[in-house]
>>> print(open('final-v6.csv').read())   # CSV, C-alpha atoms
chain,number,residue,atom,x,y,z
A,1,MET,CA,94.6,150.1,94.2
A,2,ALA,CA,94.1,147.9,91.2
A,3,ALA,CA,96.4,144.9,90.9
A,4,THR,CA,98.8,144.9,87.9
A,5,LEU,CA,101.5,142.6,86.5
A,6,LYS,CA,104.1,145.3,86.9
A,7,ASP,CA,107.5,143.6,87.4
A,8,ALA,CA,105.9,140.7,89.3
A,9,THR,CA,107.4,138.2,86.8
A,10,ALA,CA,110.4,137.9,84.6
A,11,ILE,CA,111.7,136.1,81.5
A,12,ALA,CA,114.5,133.9,82.9
A,13,GLY,CA,115.5,131.9,79.9
A,14,ILE,CA,115.4,132.0,76.1
A,15,GLY,CA,116.1,129.4,73.4
A,16,ARG,CA,115.9,128.9,69.7
A,17,THR,CA,116.8,126.5,67.0
A,18,PRO,CA,118.8,127.5,63.8
A,19,PHE,CA,116.7,129.3,61.2
A,20,ALA,CA,116.6,128.1,57.6
A,21,LYS,CA,114.4,127.8,54.5
A,22,ARG,CA,114.3,124.1,55.2
A,23,LEU,CA,115.0,122.1,58.4
A,24,PRO,CA,114.7,118.3,58.5
A,25,GLU,CA,113.2,118.0,62.0
A,26,SER,CA,109.5,118.0,62.7
A,27,GLU,CA,107.8,121.0,64.3
A,28,LYS,CA,107.5,119.0,67.5
A,29,ALA,CA,111.2,118.2,67.6
A,30,LEU,CA,112.1,121.8,66.9
A,31,ALA,CA,109.7,123.0,69.6
A,32,CYS,CA,111.2,120.7,72.2
A,33,ARG,CA,114.7,121.7,71.3
A,34,ALA,CA,113.9,125.4,71.7
A,35,ILE,CA,112.1,124.8,75.0
A,36,LEU,CA,114.9,122.6,76.5
A,37,THR,CA,117.5,125.3,75.4
A,38,ALA,CA,115.4,128.0,77.1
A,39,LEU,CA,115.2,125.9,80.3
A,40,ASP,CA,118.9,125.3,80.3
A,41,ASP,CA,119.5,129.0,79.8
A,42,ALA,CA,117.5,129.6,82.9
A,43,GLY,CA,119.0,126.8,84.9
A,44,ILE,CA,115.6,125.2,85.5
A,45,ALA,CA,114.8,121.4,85.2
A,46,PRO,CA,112.0,120.4,82.7
A,47,SER,CA,110.3,118.6,85.6
A,48,GLU,CA,109.6,122.0,87.2
A,49,VAL,CA,107.5,123.3,84.3
A,50,ASP,CA,103.9,123.5,85.2
A,51,ALA,CA,102.5,126.0,82.7
A,52,PHE,CA,102.4,126.3,78.9
A,53,ALA,CA,101.2,129.0,76.5
A,54,SER,CA,101.3,129.0,72.7
A,55,TYR,CA,99.5,130.2,69.7
A,56,THR,CA,96.2,128.8,68.4
A,57,MET,CA,98.0,128.3,65.1
A,58,GLU,CA,100.7,126.2,66.8
A,59,GLU,CA,100.7,122.7,65.5
A,60,THR,CA,102.5,121.2,68.5
A,61,ASP,CA,100.2,120.9,71.6
A,62,GLU,CA,101.1,121.1,75.3
A,63,VAL,CA,100.2,117.4,75.9
A,64,GLU,CA,102.8,116.1,73.5
A,65,VAL,CA,105.4,118.8,74.4
A,66,ALA,CA,105.0,118.2,78.2
A,67,LYS,CA,105.5,114.4,77.7
A,68,ALA,CA,108.5,114.9,75.4
A,69,ILE,CA,110.4,117.3,77.6
A,70,GLY,CA,109.5,115.5,80.9
A,71,ALA,CA,107.4,118.2,82.5
A,72,GLY,CA,105.7,117.6,85.8
A,73,ASP,CA,102.0,118.1,86.6
A,74,VAL,CA,100.8,121.1,84.6
A,75,THR,CA,98.3,123.5,86.3
A,76,PHE,CA,97.9,126.2,83.6
A,77,PHE,CA,97.8,126.1,79.8
A,78,ALA,CA,96.5,128.7,77.3
A,79,LYS,CA,96.5,129.6,73.6
A,80,ALA,CA,96.5,133.0,72.1
A,81,GLY,CA,94.8,133.7,68.7
A,82,TYR,CA,95.3,135.6,65.5
A,83,GLY,CA,98.6,134.3,64.3
A,84,GLY,CA,101.4,136.8,64.8
A,85,GLY,CA,99.1,138.9,67.0
A,86,GLY,CA,99.4,136.3,69.7
A,87,SER,CA,103.2,136.3,70.3
A,88,CYS,CA,103.4,138.7,73.2
A,89,ALA,CA,100.1,137.4,74.6
A,90,THR,CA,101.6,134.0,75.2
A,91,VAL,CA,104.1,135.6,77.6
A,92,ALA,CA,101.4,137.8,79.1
A,93,HIS,CA,99.2,134.8,79.9
A,94,LEU,CA,102.0,133.0,81.7
A,95,ALA,CA,102.9,136.2,83.6
A,96,ALA,CA,99.2,136.5,84.8
A,97,ALA,CA,99.1,132.8,85.8
A,98,ILE,CA,102.4,133.0,87.8
A,99,ALA,CA,101.5,136.3,89.4
A,100,THR,CA,98.2,134.9,90.6
A,101,GLY,CA,99.7,131.7,91.9
A,102,GLN,CA,98.3,129.3,89.3
A,103,ALA,CA,101.8,128.1,88.3
A,104,SER,CA,105.4,128.7,89.0
A,105,VAL,CA,107.4,127.9,85.8
A,106,GLY,CA,105.9,128.7,82.5
A,107,VAL,CA,107.0,128.0,79.0
A,108,ALA,CA,105.9,129.9,75.8
A,109,TRP,CA,107.0,128.8,72.4
A,110,ARG,CA,106.4,128.9,68.6
A,111,SER,CA,107.6,126.2,66.2
A,112,ARG,CA,107.0,126.7,62.5
A,113,LYS,CA,108.0,125.1,59.2
A,114,ARG,CA,106.7,127.9,57.0
A,115,GLY,CA,109.8,127.9,54.8
A,116,SER,CA,109.3,124.3,53.7
A,117,GLY,CA,105.6,124.0,54.5
A,118,PRO,CA,102.4,125.0,52.8
A,119,ARG,CA,100.8,128.5,52.9
A,120,PRO,CA,97.6,128.6,54.9
A,121,TRP,CA,95.6,130.6,52.3
A,122,THR,CA,96.2,127.8,49.7
A,123,ASN,CA,93.8,125.5,51.4
A,124,THR,CA,90.6,125.9,49.3
A,125,ARG,CA,88.7,123.3,51.3
A,126,VAL,CA,88.3,125.5,54.3
A,127,GLN,CA,85.4,127.9,54.4
A,128,LEU,CA,86.5,131.5,54.3
A,129,PRO,CA,86.1,133.6,57.5
A,130,THR,CA,83.5,136.3,57.1
A,131,PRO,CA,85.8,139.2,56.1
A,132,ALA,CA,87.6,137.1,53.5
A,133,GLN,CA,84.4,136.3,51.8
A,134,TRP,CA,84.2,139.9,50.7
A,135,THR,CA,87.9,140.2,49.6
A,136,ARG,CA,89.4,137.0,48.4
A,137,PRO,CA,87.0,136.5,45.4
A,138,TYR,CA,88.3,139.9,44.2
A,139,GLY,CA,92.0,139.0,44.4
A,140,LEU,CA,93.1,139.7,47.9
A,141,LEU,CA,94.4,136.2,48.5
A,142,ARG,CA,97.5,136.6,50.7
A,143,PRO,CA,98.4,138.8,53.7
A,144,ALA,CA,100.7,140.7,51.3
A,145,ASP,CA,97.7,141.7,49.2
A,146,GLU,CA,95.6,142.7,52.2
A,147,ILE,CA,98.4,144.8,53.8
A,148,GLY,CA,99.3,146.2,50.4
A,149,MET,CA,95.9,147.8,50.3
A,150,LEU,CA,96.4,149.4,53.7
A,151,ALA,CA,99.9,150.5,52.7
A,152,ARG,CA,98.5,152.2,49.6
A,153,ARG,CA,95.9,154.1,51.6
A,154,TYR,CA,98.5,155.2,54.1
A,155,MET,CA,100.6,156.5,51.2
A,156,HIS,CA,97.7,158.3,49.8
A,157,GLU,CA,96.5,159.9,53.0
A,158,TYR,CA,99.8,160.8,54.7
A,159,GLY,CA,102.4,161.1,51.9
A,160,ALA,CA,104.4,158.0,52.8
A,161,THR,CA,106.7,156.9,50.0
A,162,ARG,CA,108.6,153.7,49.1
A,163,ASP,CA,111.7,155.4,50.5
A,164,HIS,CA,110.1,155.3,54.0
A,165,PHE,CA,109.4,151.6,53.6
A,166,PHE,CA,113.0,151.2,52.5
A,167,ASN,CA,114.2,152.8,55.7
A,168,VAL,CA,112.5,150.1,57.6
A,169,ALA,CA,113.8,147.3,55.4
A,170,LEU,CA,117.3,148.7,55.6
A,171,ALA,CA,117.4,149.1,59.4
A,172,CYS,CA,116.3,145.4,59.8
A,173,ARG,CA,118.8,144.2,57.2
A,174,ASN,CA,121.7,146.2,58.7
A,175,ARG,CA,121.0,144.5,62.1
A,176,ALA,CA,120.8,141.1,60.5
A,177,ASN,CA,124.2,141.7,58.9
A,178,GLN,CA,125.5,141.8,62.4
A,179,ASN,CA,123.7,138.6,63.5
A,180,PRO,CA,125.3,135.3,62.5
A,181,ALA,CA,122.0,133.5,63.3
A,182,ALA,CA,120.0,135.6,60.8
A,183,MET,CA,119.0,134.2,57.5
A,184,MET,CA,120.2,137.4,55.9
A,185,TYR,CA,123.5,137.5,57.7
A,186,GLU,CA,126.3,138.9,55.4
A,187,ARG,CA,123.7,139.7,52.7
A,188,PRO,CA,123.6,143.6,52.5
A,189,LEU,CA,120.6,145.5,51.1
A,190,THR,CA,121.0,148.6,49.0
A,191,ARG,CA,118.5,151.2,47.8
A,192,GLU,CA,119.0,150.1,44.2
A,193,MET,CA,118.3,146.5,45.1
A,194,TYR,CA,115.1,147.6,46.9
A,195,MET,CA,113.8,149.9,44.2
A,196,THR,CA,114.3,147.4,41.4
A,197,ALA,CA,113.0,144.3,43.3
A,198,ARG,CA,110.0,142.5,41.9
A,199,TRP,CA,106.6,143.3,43.2
A,200,ILE,CA,104.9,140.9,45.5
A,201,SER,CA,101.7,143.0,45.9
A,202,GLU,CA,102.1,146.6,44.8
A,203,PRO,CA,103.2,148.8,46.5
A,204,LEU,CA,105.0,146.1,48.5
A,205,CYS,CA,108.1,144.7,46.8
A,206,LEU,CA,110.1,141.6,47.7
A,207,PHE,CA,112.0,143.4,50.5
A,208,ASP,CA,108.8,144.7,52.1
A,209,ASN,CA,107.9,141.1,52.9
A,210,CYS,CA,109.0,138.9,55.8
A,211,LEU,CA,111.0,135.8,55.3
A,212,GLU,CA,109.6,132.3,55.1
A,213,THR,CA,111.3,130.3,57.8
A,214,ASP,CA,111.7,126.9,59.5
A,215,GLY,CA,112.6,127.2,63.1
A,216,ALA,CA,111.4,127.4,66.7
A,217,LEU,CA,111.9,129.7,69.8
A,218,ALA,CA,110.9,129.6,73.4
A,219,CYS,CA,111.1,131.5,76.7
A,220,VAL,CA,110.7,130.7,80.3
A,221,VAL,CA,108.6,132.9,82.7
A,222,VAL,CA,108.9,132.7,86.5
A,223,SER,CA,108.2,135.0,89.4
A,224,ALA,CA,110.5,138.0,89.8
A,225,GLU,CA,111.8,136.5,93.1
A,226,ARG,CA,112.6,133.2,91.5
A,227,ALA,CA,114.2,134.9,88.5
A,228,ARG,CA,116.8,136.6,90.7
A,229,ASP,CA,118.2,133.1,91.6
A,230,CYS,CA,118.2,131.8,88.0
A,231,ARG,CA,121.3,131.4,85.8
A,232,ARG,CA,120.8,134.5,83.7
A,233,ARG,CA,120.1,138.2,84.4
A,234,PRO,CA,116.3,138.5,84.7
A,235,VAL,CA,114.3,140.6,82.3
A,236,TYR,CA,111.1,141.9,84.0
A,237,ILE,CA,107.7,142.0,82.4
A,238,HIS,CA,106.8,145.5,83.3
A,239,SER,CA,103.5,145.8,81.4
A,240,ALA,CA,101.5,143.6,79.0
A,241,ALA,CA,98.4,144.2,76.9
A,242,GLN,CA,96.2,142.8,74.2
A,243,GLY,CA,94.2,144.9,71.7
A,244,LEU,CA,91.0,144.2,69.6
A,245,PRO,CA,89.5,147.5,68.4
A,246,SER,CA,85.8,148.1,68.2
A,247,GLN,CA,84.3,146.9,64.9
A,248,HIS,CA,87.6,145.5,63.8
A,249,HIS,CA,87.7,143.0,60.9
A,250,GLY,CA,91.3,141.7,61.0
A,251,MET,CA,93.7,142.6,58.2
A,252,VAL,CA,90.9,143.6,55.8
A,253,ASN,CA,89.8,146.5,57.9
A,254,TYR,CA,88.9,148.6,54.9
A,255,TRP,CA,85.2,149.3,55.7
A,256,ASN,CA,86.0,150.4,59.3
A,257,ASP,CA,85.4,154.1,59.9
A,258,ASP,CA,89.2,154.5,60.4
A,259,PRO,CA,91.1,151.6,58.8
A,260,LEU,CA,94.5,153.0,59.7
A,261,SER,CA,93.8,153.1,63.4
A,262,GLY,CA,94.6,149.4,64.0
A,263,PRO,CA,94.9,147.2,67.0
A,264,SER,CA,98.2,148.8,68.1
A,265,TRP,CA,96.2,151.9,69.2
A,266,THR,CA,94.0,149.8,71.5
A,267,ALA,CA,96.9,147.7,72.9
A,268,GLY,CA,99.1,150.8,73.3
A,269,ARG,CA,96.6,152.7,75.4
A,270,GLN,CA,96.3,149.7,77.7
A,271,LEU,CA,100.0,149.0,77.8
A,272,TRP,CA,101.0,152.5,78.9
A,273,LYS,CA,98.2,152.7,81.4
A,274,THR,CA,100.0,150.6,84.0
A,275,ALA,CA,103.6,151.5,83.1
A,276,ASP,CA,106.0,153.7,85.1
A,277,PHE,CA,107.5,155.1,81.9
A,278,GLY,CA,106.3,156.2,78.4
A,279,PRO,CA,107.2,155.9,74.8
A,280,GLN,CA,109.9,158.6,75.1
A,281,ASP,CA,111.7,156.4,77.7
A,282,VAL,CA,111.9,153.3,75.5
A,283,ASP,CA,115.6,152.5,74.6
A,284,VAL,CA,115.0,149.9,71.9
A,285,ALA,CA,112.0,148.4,70.2
A,286,GLN,CA,111.2,145.1,68.6
A,287,ILE,CA,108.1,146.0,66.4
A,288,TYR,CA,106.3,143.3,64.4
A,289,ASP,CA,107.5,143.5,60.9
A,290,ALA,CA,105.7,141.0,58.7
A,291,PHE,CA,105.6,143.9,56.2
A,292,THR,CA,107.6,147.2,56.3
A,293,ALA,CA,104.4,149.2,56.1
A,294,LEU,CA,103.3,147.9,59.5
A,295,ILE,CA,106.2,149.8,61.2
A,296,PRO,CA,104.9,153.3,60.6
A,297,LEU,CA,101.4,152.3,61.7
A,298,SER,CA,102.8,150.8,64.9
A,299,LEU,CA,105.0,153.7,65.7
A,300,GLU,CA,101.9,155.9,65.7
A,301,GLY,CA,99.7,153.4,67.6
A,302,TYR,CA,102.2,152.9,70.4
A,303,GLY,CA,102.7,156.7,70.8
A,304,PHE,CA,106.2,157.4,69.4
A,305,CYS,CA,104.7,160.0,67.1
A,306,ALA,CA,101.4,161.6,66.1
A,307,ARG,CA,98.9,160.2,63.6
A,308,GLY,CA,100.3,160.3,60.1
A,309,GLU,CA,103.9,160.9,61.2
A,310,GLY,CA,105.1,157.3,61.3
A,311,ALA,CA,106.6,157.4,57.8
A,312,ALA,CA,108.6,160.6,58.5
A,313,PHE,CA,109.7,159.1,61.9
A,314,THR,CA,111.8,156.6,59.9
A,315,GLU,CA,113.9,159.3,58.2
A,316,GLY,CA,117.5,160.3,59.1
A,317,GLY,CA,118.6,156.9,60.4
A,318,ALA,CA,116.0,157.0,63.3
A,319,LEU,CA,115.6,153.3,63.3
A,320,GLU,CA,119.4,152.5,63.3
A,321,ILE,CA,121.7,152.0,66.3
A,322,GLY,CA,122.3,155.4,67.7
A,323,GLY,CA,119.0,156.7,66.2
A,324,ARG,CA,115.8,157.9,67.8
A,325,LEU,CA,114.5,154.4,68.3
A,326,PRO,CA,116.8,151.4,67.4
A,327,LEU,CA,114.5,148.8,65.8
A,328,ASN,CA,114.4,145.0,65.5
A,329,THR,CA,118.0,144.6,66.4
A,330,SER,CA,118.3,140.9,65.5
A,331,GLY,CA,117.0,141.6,62.0
A,332,GLY,CA,113.3,141.0,62.8
A,333,GLY,CA,110.9,139.1,60.6
A,334,LEU,CA,112.2,140.9,57.5
A,335,SER,CA,115.8,139.8,57.8
A,336,GLU,CA,116.5,137.4,60.7
A,337,ALA,CA,113.6,134.9,60.6
A,338,TYR,CA,109.8,135.0,60.5
A,339,VAL,CA,108.5,132.7,63.2
A,340,HIS,CA,105.3,134.7,63.9
A,341,GLY,CA,107.3,137.3,65.8
A,342,PHE,CA,108.6,135.2,68.6
A,343,ASN,CA,112.2,136.2,67.8
A,344,LEU,CA,111.3,139.8,68.7
A,345,ILE,CA,110.6,138.6,72.2
A,346,THR,CA,113.9,136.7,72.6
A,347,GLU,CA,115.8,139.6,71.1
A,348,GLY,CA,114.2,142.0,73.5
A,349,VAL,CA,115.5,139.8,76.3
A,350,SER,CA,119.0,139.7,74.7
A,351,GLN,CA,119.1,143.5,74.5
A,352,LEU,CA,118.2,144.0,78.2
A,353,ARG,CA,120.8,141.3,79.2
A,354,GLY,CA,123.4,143.2,77.2
A,355,THR,CA,124.1,140.2,74.9
A,356,SER,CA,122.6,141.2,71.6
A,357,THR,CA,124.7,141.0,68.4
A,358,ALA,CA,123.6,144.6,67.8
A,359,GLN,CA,123.6,145.9,71.3
A,360,VAL,CA,122.1,149.3,72.1
A,361,PRO,CA,124.5,150.8,74.7
A,362,GLY,CA,122.9,151.0,78.2
A,363,ALA,CA,119.5,149.7,77.1
A,364,THR,CA,117.2,149.1,80.1
A,365,THR,CA,113.7,149.3,78.5
A,366,CYS,CA,112.3,147.6,75.5
A,367,LEU,CA,108.9,147.5,73.7
A,368,VAL,CA,108.0,144.3,72.0
A,369,THR,CA,104.9,144.2,69.8
A,370,ALA,CA,102.9,141.5,68.0
A,371,GLY,CA,101.2,141.7,64.6
A,372,GLU,CA,99.6,144.9,63.5
A,373,GLY,CA,96.5,144.6,61.4
A,374,VAL,CA,95.1,141.7,63.4
A,375,PRO,CA,94.1,141.5,67.1
A,376,THR,CA,97.4,142.0,68.8
A,377,SER,CA,99.4,142.1,72.0
A,378,ALA,CA,102.5,143.9,73.4
A,379,LEU,CA,105.0,143.7,76.2
A,380,LEU,CA,107.1,146.3,78.0
A,381,LEU,CA,110.3,144.7,79.3
A,382,ARG,CA,112.9,146.3,81.6
A,383,SER,CA,116.1,145.1,83.1
>>> encode(input="final-v6.csv", output="structure tokens")
Amino acid sequence: MAATLKDATAIAGIGRTPFAKRLPESEKALACRAILTALDDAGIAPSEVDAFASYTMEETDEVEVAKAIGAGDVTFFAKAGYGGGGSCATVAHLAAAIATGQASVGVAWRSRKRGSGPRPWTNTRVQLPTPAQWTRPYGLLRPADEIGMLARRYMHEYGATRDHFFNVALACRNRANQNPAAMMYERPLTREMYMTARWISEPLCLFDNCLETDGALACVVVSAERARDCRRRPVYIHSAAQGLPSQHHGMVNYWNDDPLSGPSWTAGRQLWKTADFGPQDVDVAQIYDAFTALIPLSLEGYGFCARGEGAAFTEGGALEIGGRLPLNTSGGGLSEAYVHGFNLITEGVSQLRGTSTAQVPGATTCLVTAGEGVPTSALLLRS
């Protein structure tokens, strides 16, 4: 029988800083604050940390973080690529290391000052990656432009409308309105506000785009056995996967044979392969929402509905509490904070602990996904 990660490890602690458009601390200071909070949440001393995992886009490295928090000897460290596509992969890498005896206490984190910092695509001194050489000279400068093209094709092929994208934006905003930590707390969204908002990259308006945020988050991964003795209720890592489809080009996937079959399809097939339950058994989902249009694509890729049915899936309050699939219950990247999706991981843990600000009654299973449109990753969590 093939070895799997199934329930061998658990997330024992989570931590975050406040979220804001501008925070005074450095990314390193924010990272350390989130990590120390997560360790305290788990009841584990910093000196016990022997593994780190982060994003390749993370500006704070494990050498400096380990020194600053007072970690012991570190025996495993890894980085996951592709921006938001790496969020769940950081946890998966730690789970694999701990399950195979390479480490015992792992920390994953993301610290980002995107609200007050520069935009990566404004750096004209860096040579463009190959796909961008064929798109940016023609005006597709930002992720919003690139996903806007995919959104328009999805609308054309499957009849999706702006009302479907609004359903996503509204569900996330409604949950943020319940979350005092969210940047959009007590800031309701109406259909009129959405429909009259300025364009960012047509067909994506202001409210189809994630927030720009300063902040940091972290989580602590240990063995399932160790987790049972930690301070908080353990949340088990039931399955994990990464996905890079054949002939994929990252965001600008337009010349692929099937541009709308993104990385979620590859990650989804792998994720469910080793799971004891399927999409129909997921109680709550934290699906990467850098843009509203990514949600219907991910709903299809992870098997919640058939090809082309993702937009219709959002109808009738399906994404709200009490709906078919409660979504992004902290507000997600659209309305809580955008820190490359790490807040989706911590919110998944909160849901399965029963401590979310928008708790789904009786939730015992949660899907967390990383960025769609780029090589991605996903986690199945259970309590």
>>> closest_residue(input="final-v6.csv", among="A:Ala78, A:Ala293, A:Val360, A:Met195", to="Leu325 of chain A", atoms="all atoms listed in the file")
A:Val360
>>> closest_residue(input="final-v6.csv", among="A:Leu5, A:Val252, A:Ala99, A:Ala31", to="Ala275 of chain A", atoms="only C-alpha atoms")
A:Leu5
>>> residues_around(input="final-v6.csv", residues="Ala337 of chain A", least_positions_apart="6", cutoff="9 Å", atoms="all atoms listed in the file", output="PyMOL selection string")
chain A and resi 19-20+181-184+210-215+331+343
>>> atom_distance(input="final-v6.csv", atom1="atom CA of Asp208 of chain A", atom2="atom CA of Leu271 of chain A")
27.5 Å
>>> residues_near_point(input="final-v6.csv", point="(101.6, 135.1, 73.7)", cutoff="9 Å", atoms="all atoms listed in the file", output="NGL selection string")
:A and (53-55 or 78-81 or 85-94 or 108-109 or 342 or 370 or 377-378)
>>> write_last_selection(input="final-v6.csv", atoms="C-alpha atoms", output="mmCIF file, in the frame of the given file")
data_model
loop_
_atom_site.group_PDB
_atom_site.id
_atom_site.type_symbol
_atom_site.label_atom_id
_atom_site.label_comp_id
_atom_site.auth_asym_id
_atom_site.auth_seq_id
_atom_site.Cartn_x
_atom_site.Cartn_y
_atom_site.Cartn_z
ATOM 1 C CA ALA A 53 101.200 129.000 76.500
ATOM 2 C CA SER A 54 101.300 129.000 72.700
ATOM 3 C CA TYR A 55 99.500 130.200 69.700
ATOM 4 C CA ALA A 78 96.500 128.700 77.300
ATOM 5 C CA LYS A 79 96.500 129.600 73.600
ATOM 6 C CA ALA A 80 96.500 133.000 72.100
ATOM 7 C CA GLY A 81 94.800 133.700 68.700
ATOM 8 C CA GLY A 85 99.100 138.900 67.000
ATOM 9 C CA GLY A 86 99.400 136.300 69.700
ATOM 10 C CA SER A 87 103.200 136.300 70.300
ATOM 11 C CA CYS A 88 103.400 138.700 73.200
ATOM 12 C CA ALA A 89 100.100 137.400 74.600
ATOM 13 C CA THR A 90 101.600 134.000 75.200
ATOM 14 C CA VAL A 91 104.100 135.600 77.600
ATOM 15 C CA ALA A 92 101.400 137.800 79.100
ATOM 16 C CA HIS A 93 99.200 134.800 79.900
ATOM 17 C CA LEU A 94 102.000 133.000 81.700
ATOM 18 C CA ALA A 108 105.900 129.900 75.800
ATOM 19 C CA TRP A 109 107.000 128.800 72.400
ATOM 20 C CA PHE A 342 108.600 135.200 68.600
ATOM 21 C CA ALA A 370 102.900 141.500 68.000
ATOM 22 C CA SER A 377 99.400 142.100 72.000
ATOM 23 C CA ALA A 378 102.500 143.900 73.400
#
>>> residues_around(input="final-v6.csv", residues="Gln270 of chain A", least_positions_apart="5", cutoff="12 Å", atoms="all atoms listed in the file", output="list of chain:residue names")
A:Thr4, A:Ser239, A:Ala240, A:Ala241, A:Gln242, A:Gly243, A:Leu244, A:Pro245, A:Pro263, A:Ser264, A:Trp265, A:Ala275, A:Gly278, A:Gly301, A:Tyr302, A:Gly303, A:Thr376, A:Ser377, A:Ala378, A:Leu379, A:Leu380
>>> closest_residue(input="final-v6.csv", among="A:Glu309, A:Ser47, A:Val284, A:Phe77", to="Gly323 of chain A", atoms="only C-alpha atoms")
A:Val284
>>> residues_around(input="final-v6.csv", residues="Leu36 of chain A", least_positions_apart="3", cutoff="10 Å", atoms="only C-alpha atoms", output="PyMOL selection string")
chain A and resi 13-16+31-33+39-42+44-46+69-70+107+218-220
>>> write_last_selection(input="final-v6.csv", atoms="C-alpha atoms", output="compact mmCIF listing (two decimals), keeping the file's coordinate frame")
# COMPACT_ATOMS: atom_id res chain seq x y z
CA GLY A 13 115.50 131.90 79.90
CA ILE A 14 115.40 132.00 76.10
CA GLY A 15 116.10 129.40 73.40
CA ARG A 16 115.90 128.90 69.70
CA ALA A 31 109.70 123.00 69.60
CA CYS A 32 111.20 120.70 72.20
CA ARG A 33 114.70 121.70 71.30
CA LEU A 39 115.20 125.90 80.30
CA ASP A 40 118.90 125.30 80.30
CA ASP A 41 119.50 129.00 79.80
CA ALA A 42 117.50 129.60 82.90
CA ILE A 44 115.60 125.20 85.50
CA ALA A 45 114.80 121.40 85.20
CA PRO A 46 112.00 120.40 82.70
CA ILE A 69 110.40 117.30 77.60
CA GLY A 70 109.50 115.50 80.90
CA VAL A 107 107.00 128.00 79.00
CA ALA A 218 110.90 129.60 73.40
CA CYS A 219 111.10 131.50 76.70
CA VAL A 220 110.70 130.70 80.30
>>> residues_near_point(input="final-v6.csv", point="(111.0, 143.6, 88.8)", cutoff="7 Å", atoms="all atoms listed in the file", output="list in words")
Asp7, Ala8, Thr9, Ala224 and Tyr236 of chain A
>>> atom_distance(input="final-v6.csv", atom1="atom CA of Asp229 of chain A", atom2="atom CA of Ala95 of chain A")
17.5 Å
>>> residues_around(input="final-v6.csv", residues="Gly84 of chain A", least_positions_apart="6", cutoff="10 Å", atoms="all atoms listed in the file", output="VMD selection string")
chain A and resid 55 57 288 to 290 338 to 342 369 to 377
>>> write_last_selection(input="final-v6.csv", atoms="C-alpha atoms", output="PDB file, in the frame of the given file")
ATOM      1  CA  TYR A  55      99.500 130.200  69.700  1.00  0.00           C
ATOM      2  CA  MET A  57      98.000 128.300  65.100  1.00  0.00           C
ATOM      3  CA  TYR A 288     106.300 143.300  64.400  1.00  0.00           C
ATOM      4  CA  ASP A 289     107.500 143.500  60.900  1.00  0.00           C
ATOM      5  CA  ALA A 290     105.700 141.000  58.700  1.00  0.00           C
ATOM      6  CA  TYR A 338     109.800 135.000  60.500  1.00  0.00           C
ATOM      7  CA  VAL A 339     108.500 132.700  63.200  1.00  0.00           C
ATOM      8  CA  HIS A 340     105.300 134.700  63.900  1.00  0.00           C
ATOM      9  CA  GLY A 341     107.300 137.300  65.800  1.00  0.00           C
ATOM     10  CA  PHE A 342     108.600 135.200  68.600  1.00  0.00           C
ATOM     11  CA  THR A 369     104.900 144.200  69.800  1.00  0.00           C
ATOM     12  CA  ALA A 370     102.900 141.500  68.000  1.00  0.00           C
ATOM     13  CA  GLY A 371     101.200 141.700  64.600  1.00  0.00           C
ATOM     14  CA  GLU A 372      99.600 144.900  63.500  1.00  0.00           C
ATOM     15  CA  GLY A 373      96.500 144.600  61.400  1.00  0.00           C
ATOM     16  CA  VAL A 374      95.100 141.700  63.400  1.00  0.00           C
ATOM     17  CA  PRO A 375      94.100 141.500  67.100  1.00  0.00           C
ATOM     18  CA  THR A 376      97.400 142.000  68.800  1.00  0.00           C
ATOM     19  CA  SER A 377      99.400 142.100  72.000  1.00  0.00           C
TER      20      SER A 377
END
>>> residues_around(input="final-v6.csv", residues="Pro279 of chain A", least_positions_apart="3", cutoff="10 Å", atoms="only C-alpha atoms", output="PDB file with C-alpha atoms, in the coordinates of the input")
ATOM      1  CA  GLY A 268      99.100 150.800  73.300  1.00  0.00           C
ATOM      2  CA  TRP A 272     101.000 152.500  78.900  1.00  0.00           C
ATOM      3  CA  VAL A 282     111.900 153.300  75.500  1.00  0.00           C
ATOM      4  CA  ASP A 283     115.600 152.500  74.600  1.00  0.00           C
ATOM      5  CA  LEU A 299     105.000 153.700  65.700  1.00  0.00           C
ATOM      6  CA  TYR A 302     102.200 152.900  70.400  1.00  0.00           C
ATOM      7  CA  GLY A 303     102.700 156.700  70.800  1.00  0.00           C
ATOM      8  CA  PHE A 304     106.200 157.400  69.400  1.00  0.00           C
ATOM      9  CA  CYS A 305     104.700 160.000  67.100  1.00  0.00           C
ATOM     10  CA  LEU A 325     114.500 154.400  68.300  1.00  0.00           C
ATOM     11  CA  THR A 365     113.700 149.300  78.500  1.00  0.00           C
ATOM     12  CA  CYS A 366     112.300 147.600  75.500  1.00  0.00           C
ATOM     13  CA  LEU A 367     108.900 147.500  73.700  1.00  0.00           C
TER      14      LEU A 367
END
>>> atom_distance(input="final-v6.csv", atom1="atom CA of Leu334 of chain A", atom2="atom CA of Ala358 of chain A")
15.8 Å
>>> closest_residue(input="final-v6.csv", among="A:Gly83, A:Pro259, A:Gly72, A:Pro131", to="Ala103 of chain A", atoms="all atoms listed in the file")
A:Gly72
>>> closest_residue(input="final-v6.csv", among="A:Thr346, A:Thr130, A:Asn253, A:Ser383", to="Ala38 of chain A", atoms="only C-alpha atoms")
A:Thr346
>>> closest_residue(input="final-v6.csv", among="A:Arg233, A:Arg175, A:Arg162, A:Arg187", to="Cys205 of chain A", atoms="all atoms listed in the file")
A:Arg162
